[in-house]
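Novice: Structure file query-v9.cif, mmCIF, C-alpha atoms, is pasted below:
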```cif
data_coords
loop_
_atom_site.group_PDB
_atom_site.id
_atom_site.type_symbol
_atom_site.label_atom_id
_atom_site.label_comp_id
_atom_site.auth_asym_id
_atom_site.auth_seq_id
_atom_site.Cartn_x
_atom_site.Cartn_y
_atom_site.Cartn_z
ATOM 1 C CA ARG A 1089 -11.463 18.312 9.867
ATOM 2 C CA THR A 1090 -10.028 14.890 10.703
ATOM 3 C CA VAL A 1091 -6.643 14.893 12.369
ATOM 4 C CA PHE A 1092 -4.183 12.352 11.041
ATOM 5 C CA GLU A 1093 -1.146 11.385 13.051
ATOM 6 C CA ARG A 1094 1.660 9.701 11.165
ATOM 7 C CA ARG A 1095 4.140 7.569 13.059
ATOM 8 C CA THR A 1096 7.361 6.321 11.507
ATOM 9 C CA LEU A 1097 8.914 3.485 13.465
ATOM 10 C CA PHE A 1098 12.249 3.321 11.645
ATOM 11 C CA PRO A 1099 12.872 6.740 10.054
ATOM 12 C CA ASP A 1100 16.510 6.041 9.173
ATOM 13 C CA SER A 1101 16.198 2.443 7.948
ATOM 14 C CA TYR A 1102 15.171 0.608 4.807
ATOM 15 C CA TYR A 1103 12.386 -1.927 5.270
ATOM 16 C CA GLU A 1104 14.495 -4.649 3.645
ATOM 17 C CA ASP A 1105 17.292 -4.128 6.207
ATOM 18 C CA LEU A 1106 15.069 -4.629 9.261
ATOM 19 C CA GLY A 1107 15.149 -7.944 11.088
ATOM 20 C CA GLU A 1108 11.953 -9.748 12.016
ATOM 21 C CA PRO A 1109 12.437 -9.445 15.813
ATOM 22 C CA GLU A 1110 13.057 -5.668 15.786
ATOM 23 C CA LEU A 1111 10.175 -5.124 13.380
ATOM 24 C CA LYS A 1112 7.814 -7.179 15.540
ATOM 25 C CA MET A 1113 8.863 -5.476 18.761
ATOM 26 C CA ALA A 1114 8.437 -1.974 17.346
ATOM 27 C CA ILE A 1115 5.034 -2.729 15.795
ATOM 28 C CA PHE A 1116 3.722 -4.425 18.939
ATOM 29 C CA VAL A 1117 4.909 -1.528 21.142
ATOM 30 C CA ALA A 1118 3.343 1.077 18.817
ATOM 31 C CA LEU A 1119 0.018 -0.753 18.539
ATOM 32 C CA ASP A 1120 -0.082 -1.424 22.290
ATOM 33 C CA GLU A 1121 0.396 2.296 22.852
ATOM 34 C CA LEU A 1122 -2.328 3.238 20.366
ATOM 35 C CA ALA A 1123 -4.716 0.471 21.530
ATOM 36 C CA PRO A 1124 -6.949 0.681 18.434
ATOM 37 C CA ASP A 1125 -10.367 -0.979 18.204
ATOM 38 C CA ALA A 1126 -9.463 -2.195 14.703
ATOM 39 C CA VAL A 1127 -6.415 -2.201 12.449
ATOM 40 C CA ALA A 1128 -6.603 -1.774 8.673
ATOM 41 C CA ILE A 1129 -3.726 -3.885 7.356
ATOM 42 C CA ASN A 1130 -2.188 -3.221 3.951
ATOM 43 C CA GLY A 1131 -2.040 -6.660 2.343
ATOM 44 C CA TYR A 1132 -0.974 -10.005 3.710
ATOM 45 C CA GLY A 1133 2.241 -10.663 1.814
ATOM 46 C CA PHE A 1134 4.585 -8.449 3.811
ATOM 47 C CA ARG A 1135 6.242 -9.174 7.130
ATOM 48 C CA ASP A 1136 4.809 -6.070 8.773
ATOM 49 C CA SER A 1137 1.313 -6.972 7.570
ATOM 50 C CA ARG A 1138 1.515 -10.412 9.147
ATOM 51 C CA ILE A 1139 2.985 -8.912 12.330
ATOM 52 C CA CYS A 1140 0.032 -6.509 12.543
ATOM 53 C CA LEU A 1141 -2.307 -9.460 12.054
ATOM 54 C CA ASP A 1142 -0.487 -11.361 14.825
ATOM 55 C CA TRP A 1143 -0.923 -8.341 17.097
ATOM 56 C CA CYS A 1144 -4.652 -8.201 16.324
ATOM 57 C CA THR A 1145 -5.038 -11.907 17.030
ATOM 58 C CA SER A 1146 -3.095 -11.724 20.293
ATOM 59 C CA ARG A 1147 -5.045 -8.640 21.493
ATOM 60 C CA GLU A 1148 -8.465 -9.782 20.216
ATOM 61 C CA THR A 1149 -8.667 -6.696 18.010
ATOM 62 C CA LYS A 1150 -10.500 -6.521 14.671
ATOM 63 C CA ALA A 1151 -8.212 -6.973 11.652
ATOM 64 C CA ILE A 1152 -9.305 -5.441 8.345
ATOM 65 C CA LEU A 1153 -7.468 -6.501 5.190
ATOM 66 C CA MET A 1154 -6.835 -3.880 2.506
ATOM 67 C CA THR A 1155 -5.946 -5.580 -0.768
ATOM 68 C CA GLU A 1156 -5.731 -5.078 -4.505
ATOM 69 C CA THR A 1157 -4.718 -8.607 -5.404
ATOM 70 C CA THR A 1158 -6.471 -10.417 -8.254
ATOM 71 C CA ALA A 1159 -6.262 -13.999 -9.454
ATOM 72 C CA ALA A 1160 -4.572 -12.819 -12.671
ATOM 73 C CA ASP A 1161 -1.726 -10.900 -10.993
ATOM 74 C CA LYS A 1162 0.691 -13.802 -11.278
ATOM 75 C CA PRO A 1163 0.717 -17.580 -11.627
ATOM 76 C CA ARG A 1164 -0.881 -19.310 -8.634
ATOM 77 C CA THR A 1165 0.128 -22.587 -6.981
ATOM 78 C CA TRP A 1166 -2.322 -24.676 -5.012
ATOM 79 C CA LEU A 1167 -0.120 -24.782 -1.901
ATOM 80 C CA ARG A 1168 0.182 -20.988 -1.684
ATOM 81 C CA GLU A 1169 -3.537 -20.587 -2.312
ATOM 82 C CA VAL A 1170 -4.316 -22.992 0.556
ATOM 83 C CA ALA A 1171 -1.967 -21.018 2.805
ATOM 84 C CA LYS A 1172 -3.746 -17.782 1.800
ATOM 85 C CA ARG A 1173 -7.131 -19.342 2.569
ATOM 86 C CA LEU A 1174 -5.947 -20.131 6.091
ATOM 87 C CA LEU A 1175 -4.410 -16.688 6.544
ATOM 88 C CA LEU A 1176 -7.517 -14.864 5.285
ATOM 89 C CA ARG A 1177 -9.667 -16.616 7.908
ATOM 90 C CA ARG A 1178 -7.879 -14.524 10.532
ATOM 91 C CA PHE A 1179 -9.198 -11.233 9.107
ATOM 92 C CA ASP A 1180 -12.558 -9.908 10.264
ATOM 93 C CA ALA A 1181 -13.262 -7.991 7.059
ATOM 94 C CA ALA A 1182 -11.613 -6.955 3.808
ATOM 95 C CA MET A 1183 -11.615 -3.776 1.734
ATOM 96 C CA CYS A 1184 -10.631 -4.055 -1.909
ATOM 97 C CA GLY A 1185 -10.484 -1.863 -4.970
ATOM 98 C CA GLY A 1186 -13.101 -3.490 -7.158
ATOM 99 C CA ARG A 1187 -14.833 -6.497 -8.673
ATOM 100 C CA ARG A 1188 -11.763 -8.554 -9.637
ATOM 101 C CA HIS A 1189 -10.207 -8.078 -6.197
ATOM 102 C CA ARG A 1190 -13.472 -9.092 -4.536
ATOM 103 C CA GLU A 1191 -13.816 -12.182 -6.751
ATOM 104 C CA TYR A 1192 -10.317 -13.302 -5.776
ATOM 105 C CA LEU A 1193 -11.080 -12.937 -2.061
ATOM 106 C CA LEU A 1194 -14.327 -14.874 -2.508
ATOM 107 C CA SER A 1195 -12.472 -17.635 -4.401
ATOM 108 C CA LEU A 1196 -10.206 -17.962 -1.360
ATOM 109 C CA GLY A 1197 -13.179 -18.546 0.915
ATOM 110 C CA THR A 1198 -13.812 -15.085 2.347
ATOM 111 C CA ALA A 1199 -17.506 -14.651 3.128
ATOM 112 C CA PRO A 1200 -19.189 -12.152 0.770
ATOM 113 C CA TYR A 1201 -20.631 -10.069 3.629
ATOM 114 C CA ARG A 1202 -17.081 -9.460 4.913
ATOM 115 C CA VAL A 1203 -15.761 -7.950 1.643
ATOM 116 C CA PHE A 1204 -16.226 -4.251 0.868
ATOM 117 C CA THR A 1205 -15.234 -2.577 -2.388
ATOM 118 C CA LYS A 1206 -14.313 0.860 -3.656
ATOM 119 C CA TYR A 1207 -11.732 1.952 -1.138
ATOM 120 C CA ASP A 1208 -9.530 3.086 -4.035
ATOM 121 C CA VAL A 1209 -11.448 6.266 -4.707
ATOM 122 C CA VAL A 1210 -10.227 9.705 -5.683
ATOM 123 C CA ASP A 1211 -11.684 12.974 -4.438
ATOM 124 C CA ASN A 1212 -12.008 14.520 -7.895
ATOM 125 C CA ALA A 1213 -13.205 17.889 -6.534
ATOM 126 C CA TYR A 1214 -10.085 18.197 -4.400
ATOM 127 C CA PHE A 1215 -7.690 17.332 -7.214
ATOM 128 C CA SER A 1216 -9.434 19.451 -9.856
ATOM 129 C CA SER A 1217 -9.034 22.621 -7.779
ATOM 130 C CA PRO A 1218 -5.822 24.700 -7.896
ATOM 131 C CA PRO A 1219 -2.889 22.980 -6.196
ATOM 132 C CA ARG A 1220 -2.264 23.665 -2.532
ATOM 133 C CA VAL A 1221 1.452 23.734 -1.848
ATOM 134 C CA ASP A 1222 2.582 24.446 1.690
ATOM 135 C CA ALA A 1223 5.970 25.942 2.552
ATOM 136 C CA GLU A 1224 7.515 22.583 3.474
ATOM 137 C CA ALA A 1225 6.388 20.894 0.253
ATOM 138 C CA SER A 1226 7.538 23.808 -1.893
ATOM 139 C CA ALA A 1227 11.080 23.190 -0.625
ATOM 140 C CA LEU A 1228 11.070 19.831 -2.436
ATOM 141 C CA PRO A 1229 12.566 19.898 -5.948
ATOM 142 C CA GLY A 1230 9.928 20.350 -8.647
ATOM 143 C CA LEU A 1231 6.892 20.728 -6.390
ATOM 144 C CA ASP A 1232 6.975 24.511 -6.528
ATOM 145 C CA ASP A 1233 6.219 24.279 -10.263
ATOM 146 C CA PRO A 1234 2.447 24.772 -10.825
ATOM 147 C CA ARG A 1235 2.346 22.687 -14.022
ATOM 148 C CA PRO A 1236 0.497 19.353 -13.755
ATOM 149 C CA PHE A 1237 2.460 16.161 -13.157
ATOM 150 C CA PHE A 1238 2.128 12.414 -12.883
ATOM 151 C CA LEU A 1239 3.067 11.125 -9.443
ATOM 152 C CA THR A 1240 4.322 7.685 -8.557
ATOM 153 C CA SER A 1241 4.808 6.808 -4.908
ATOM 154 C CA ASN A 1242 6.476 3.493 -4.146
ATOM 155 C CA ARG A 1243 9.668 1.804 -3.089
ATOM 156 C CA PHE A 1244 12.428 2.011 -5.693
ATOM 157 C CA ILE A 1245 12.972 -1.723 -6.057
ATOM 158 C CA ALA A 1246 13.079 -4.015 -9.095
ATOM 159 C CA ARG A 1247 9.671 -5.624 -8.618
ATOM 160 C CA LYS A 1248 7.967 -2.206 -8.832
ATOM 161 C CA ASN A 1249 9.122 -2.086 -12.471
ATOM 162 C CA LEU A 1250 10.108 1.583 -12.574
ATOM 163 C CA ARG A 1251 12.205 0.910 -15.669
ATOM 164 C CA THR A 1252 9.015 0.307 -17.687
ATOM 165 C CA LEU A 1253 7.451 3.445 -16.209
ATOM 166 C CA LEU A 1254 10.460 5.524 -17.252
ATOM 167 C CA HIS A 1255 10.503 4.047 -20.776
ATOM 168 C CA ALA A 1256 6.760 4.716 -21.159
ATOM 169 C CA TYR A 1257 7.185 8.257 -19.849
ATOM 170 C CA ALA A 1258 10.068 8.877 -22.288
ATOM 171 C CA ARG A 1259 7.815 7.755 -25.163
ATOM 172 C CA TYR A 1260 5.024 10.008 -23.906
ATOM 173 C CA ARG A 1261 7.329 13.036 -23.723
ATOM 174 C CA SER A 1262 8.717 12.300 -27.196
ATOM 175 C CA ALA A 1263 5.171 12.466 -28.523
ATOM 176 C CA SER A 1264 4.197 15.403 -26.244
ATOM 177 C CA PRO A 1265 7.278 17.574 -25.577
ATOM 178 C CA ASN A 1266 5.209 19.990 -23.457
ATOM 179 C CA GLY A 1267 3.334 17.218 -21.641
ATOM 180 C CA TRP A 1268 2.971 16.637 -17.948
ATOM 181 C CA ARG A 1269 6.039 16.188 -15.780
ATOM 182 C CA LEU A 1270 6.820 13.007 -13.848
ATOM 183 C CA VAL A 1271 7.528 13.070 -10.101
ATOM 184 C CA LEU A 1272 8.892 9.960 -8.426
ATOM 185 C CA LEU A 1273 8.350 9.662 -4.682
ATOM 186 C CA GLY A 1274 10.121 6.985 -2.662
ATOM 187 C CA SER A 1275 13.441 5.385 -1.908
ATOM 188 C CA GLY A 1276 15.172 2.033 -2.210
ATOM 189 C CA ASP A 1277 17.908 0.087 -3.961
ATOM 190 C CA GLN A 1278 17.211 1.675 -7.359
ATOM 191 C CA GLU A 1279 17.199 5.226 -6.052
#
```
Starting from the file, give its structure as structure tokens.
Specialist:
Amino acid sequence: RTVFERRTLFPDSYYEDLGEPELKMAIFVALDELAPDAVAINGYGFRDSRICLDWCTSRETKAILMTETTAADKPRTWLREVAKRLLLRRFDAAMCGGRRHREYLLSLGTAPYRVFTKYDVVDNAYFSSPPRVDAEASALPGLDDPRPFFLTSNRFIARKNLRTLLHAYARYRSASPNGWRLVLLGSGDQE
């Protein structure tokens, strides 16, 4: 069994409240301590993602982009697309969810042999078996209930559009009063 170690650099802070210098210092210290051979970086649009990329560049360490961005996600401007092209050159490889994500990376100049797809996969056998709830998880409200549920895990901020999720879920439950529950996982301004 693979051992996974989770490190939280700012356990009592919101991402949006962190300043660039403290974020950079903490990330550089943590990565220096870990000394990885490669870093899989979640996106390129966040400050911490670019800081991780800066660390990789400064330490001559492989940087792997993980992205689910497509050309159709939002309107594109030529200046931002040029900036992305330059930024993407700094990554050694990219993992993306599927064809549309790959096509977008290729349109930005990423070499085809550097783009890998299907990292958004689900272990269906694991999730189709009876739920495994440990003692710590069962202390969380609602997770001790064995009925199936939809799970959303994200920051509770406006751009995540939780309002639409809640309206859609309300419509679903109106049509299916005994339907699946909804569990929201995260924190943020809209908590």
Novice: List as CSV every residue of segment 1201-1274 of chain A that is in contact with segment 1176-1195 of chain A, defined as an atom at most 10 Å from one of its atoms (using only C-alpha atoms), together with the nearest atom pair and the distance in Å rounded to one decimal, sorted by chain and then rising number.
Specialist:
```
residue,atom,partner,partner_atom,distance
A:Tyr1201,CA,A:Ala1181,CA,8.4
A:Arg1202,CA,A:Ala1181,CA,4.6
A:Val1203,CA,A:Ala1182,CA,4.8
A:Phe1204,CA,A:Met1183,CA,4.7
A:Thr1205,CA,A:Cys1184,CA,4.9
A:Lys1206,CA,A:Gly1185,CA,4.9
A:Tyr1207,CA,A:Gly1185,CA,5.5
A:Asp1208,CA,A:Gly1185,CA,5.1
A:Val1209,CA,A:Gly1185,CA,8.2
```
Novice: Take the residues that were just selected and, keeping C-alpha atoms, output them as an mmCIF file, keeping the file's coordinate frame.
Specialist:
```cif
data_model
loop_
_atom_site.group_PDB
_atom_site.id
_atom_site.type_symbol
_atom_site.label_atom_id
_atom_site.label_comp_id
_atom_site.auth_asym_id
_atom_site.auth_seq_id
_atom_site.Cartn_x
_atom_site.Cartn_y
_atom_site.Cartn_z
ATOM 1 C CA TYR A 1201 -20.631 -10.069 3.629
ATOM 2 C CA ARG A 1202 -17.081 -9.460 4.913
ATOM 3 C CA VAL A 1203 -15.761 -7.950 1.643
ATOM 4 C CA PHE A 1204 -16.226 -4.251 0.868
ATOM 5 C CA THR A 1205 -15.234 -2.577 -2.388
ATOM 6 C CA LYS A 1206 -14.313 0.860 -3.656
ATOM 7 C CA TYR A 1207 -11.732 1.952 -1.138
ATOM 8 C CA ASP A 1208 -9.530 3.086 -4.035
ATOM 9 C CA VAL A 1209 -11.448 6.266 -4.707
#
```
Novice: How far is it from atom CA of Pro1265 of chain A to atom CA of Phe1238 of chain A, in Å with one decimal?
Specialist: 14.6 Å
Novice: Apply the PyMOL selection byres ((chain A and resi 1271) around 8) to the file shown and report the selected residues as an NGL selection string.
Specialist: :A and (1230 or 1237-1240 or 1269-1270 or 1272-1273)
Novice: Give me the result of the PyMOL selection byres ((chain A and resi 1104) around 12) on this file, residue by residue, as a VMD selection string.
Specialist: chain A and resid 1098 1101 to 1103 1105 to 1108 1111 1134 to 1136 1243 to 1245 1275 to 1277
Novice: Provide the atom CA of Ala1128 of chain A to atom CA of Thr1155 of chain A distance in Å, to one decimal place.
Specialist: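 Atom CA of Thr1155 of chain A lies at a distance of 10.2 Å from atom CA of Ala1128 of chain A.
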Novice: What does the distance from atom CA of Gly1274 of chain A to atom CA of Lys1248 of chain A come to in Å, to one decimal?
Specialist: 11.3 Å
Novice: Please, can segment 1114-1130 of chain A be completed to N, CA and C atoms and returned as a PDB file, in the frame of the given file?
Specialist:
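The file below, result20.pdb, is the result:
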```pdb
ATOM      1  N   ALA A1114       8.839  -3.364  17.563  1.00  0.00           N
ATOM      2  CA  ALA A1114       8.437  -1.974  17.346  1.00  0.00           C
ATOM      3  C   ALA A1114       6.948  -1.869  17.007  1.00  0.00           C
ATOM      4  N   ILE A1115       6.450  -2.762  16.173  1.00  0.00           N
ATOM      5  CA  ILE A1115       5.034  -2.729  15.795  1.00  0.00           C
ATOM      6  C   ILE A1115       4.156  -3.045  16.994  1.00  0.00           C
ATOM      7  N   PHE A1116       4.524  -4.066  17.770  1.00  0.00           N
ATOM      8  CA  PHE A1116       3.722  -4.425  18.939  1.00  0.00           C
ATOM      9  C   PHE A1116       3.701  -3.276  19.952  1.00  0.00           C
ATOM     10  N   VAL A1117       4.849  -2.644  20.189  1.00  0.00           N
ATOM     11  CA  VAL A1117       4.909  -1.528  21.142  1.00  0.00           C
ATOM     12  C   VAL A1117       4.023  -0.380  20.648  1.00  0.00           C
ATOM     13  N   ALA A1118       4.133  -0.037  19.361  1.00  0.00           N
ATOM     14  CA  ALA A1118       3.343   1.077  18.817  1.00  0.00           C
ATOM     15  C   ALA A1118       1.845   0.782  18.880  1.00  0.00           C
ATOM     16  N   LEU A1119       1.444  -0.424  18.506  1.00  0.00           N
ATOM     17  CA  LEU A1119       0.018  -0.753  18.539  1.00  0.00           C
ATOM     18  C   LEU A1119      -0.492  -0.869  19.973  1.00  0.00           C
ATOM     19  N   ASP A1120       0.325  -1.385  20.876  1.00  0.00           N
ATOM     20  CA  ASP A1120      -0.082  -1.424  22.290  1.00  0.00           C
ATOM     21  C   ASP A1120      -0.322  -0.015  22.811  1.00  0.00           C
ATOM     22  N   GLU A1121       0.536   0.908  22.416  1.00  0.00           N
ATOM     23  CA  GLU A1121       0.396   2.296  22.852  1.00  0.00           C
ATOM     24  C   GLU A1121      -0.868   2.934  22.279  1.00  0.00           C
ATOM     25  N   LEU A1122      -1.144   2.666  21.008  1.00  0.00           N
ATOM     26  CA  LEU A1122      -2.328   3.238  20.366  1.00  0.00           C
ATOM     27  C   LEU A1122      -3.620   2.566  20.824  1.00  0.00           C
ATOM     28  N   ALA A1123      -3.556   1.262  21.101  1.00  0.00           N
ATOM     29  CA  ALA A1123      -4.716   0.471  21.530  1.00  0.00           C
ATOM     30  C   ALA A1123      -5.942   0.691  20.640  1.00  0.00           C
ATOM     31  N   PRO A1124      -5.812   0.451  19.332  1.00  0.00           N
ATOM     32  CA  PRO A1124      -6.949   0.681  18.434  1.00  0.00           C
ATOM     33  C   PRO A1124      -8.040  -0.376  18.604  1.00  0.00           C
ATOM     34  N   ASP A1125      -9.262  -0.024  18.199  1.00  0.00           N
ATOM     35  CA  ASP A1125     -10.367  -0.979  18.204  1.00  0.00           C
ATOM     36  C   ASP A1125     -10.291  -1.901  16.996  1.00  0.00           C
ATOM     37  N   ALA A1126      -9.637  -1.414  15.931  1.00  0.00           N
ATOM     38  CA  ALA A1126      -9.463  -2.195  14.703  1.00  0.00           C
ATOM     39  C   ALA A1126      -8.207  -1.687  14.003  1.00  0.00           C
ATOM     40  N   VAL A1127      -7.608  -2.572  13.206  1.00  0.00           N
ATOM     41  CA  VAL A1127      -6.415  -2.201  12.449  1.00  0.00           C
ATOM     42  C   VAL A1127      -6.658  -2.550  10.985  1.00  0.00           C
ATOM     43  N   ALA A1128      -6.518  -1.550  10.115  1.00  0.00           N
ATOM     44  CA  ALA A1128      -6.603  -1.774   8.673  1.00  0.00           C
ATOM     45  C   ALA A1128      -5.196  -2.122   8.208  1.00  0.00           C
ATOM     46  N   ILE A1129      -5.046  -3.336   7.677  1.00  0.00           N
ATOM     47  CA  ILE A1129      -3.726  -3.885   7.356  1.00  0.00           C
ATOM     48  C   ILE A1129      -3.544  -3.937   5.850  1.00  0.00           C
ATOM     49  N   ASN A1130      -2.466  -3.312   5.378  1.00  0.00           N
ATOM     50  CA  ASN A1130      -2.188  -3.221   3.951  1.00  0.00           C
ATOM     51  C   ASN A1130      -1.614  -4.540   3.439  1.00  0.00           C
TER      52      ASN A1130
END
```
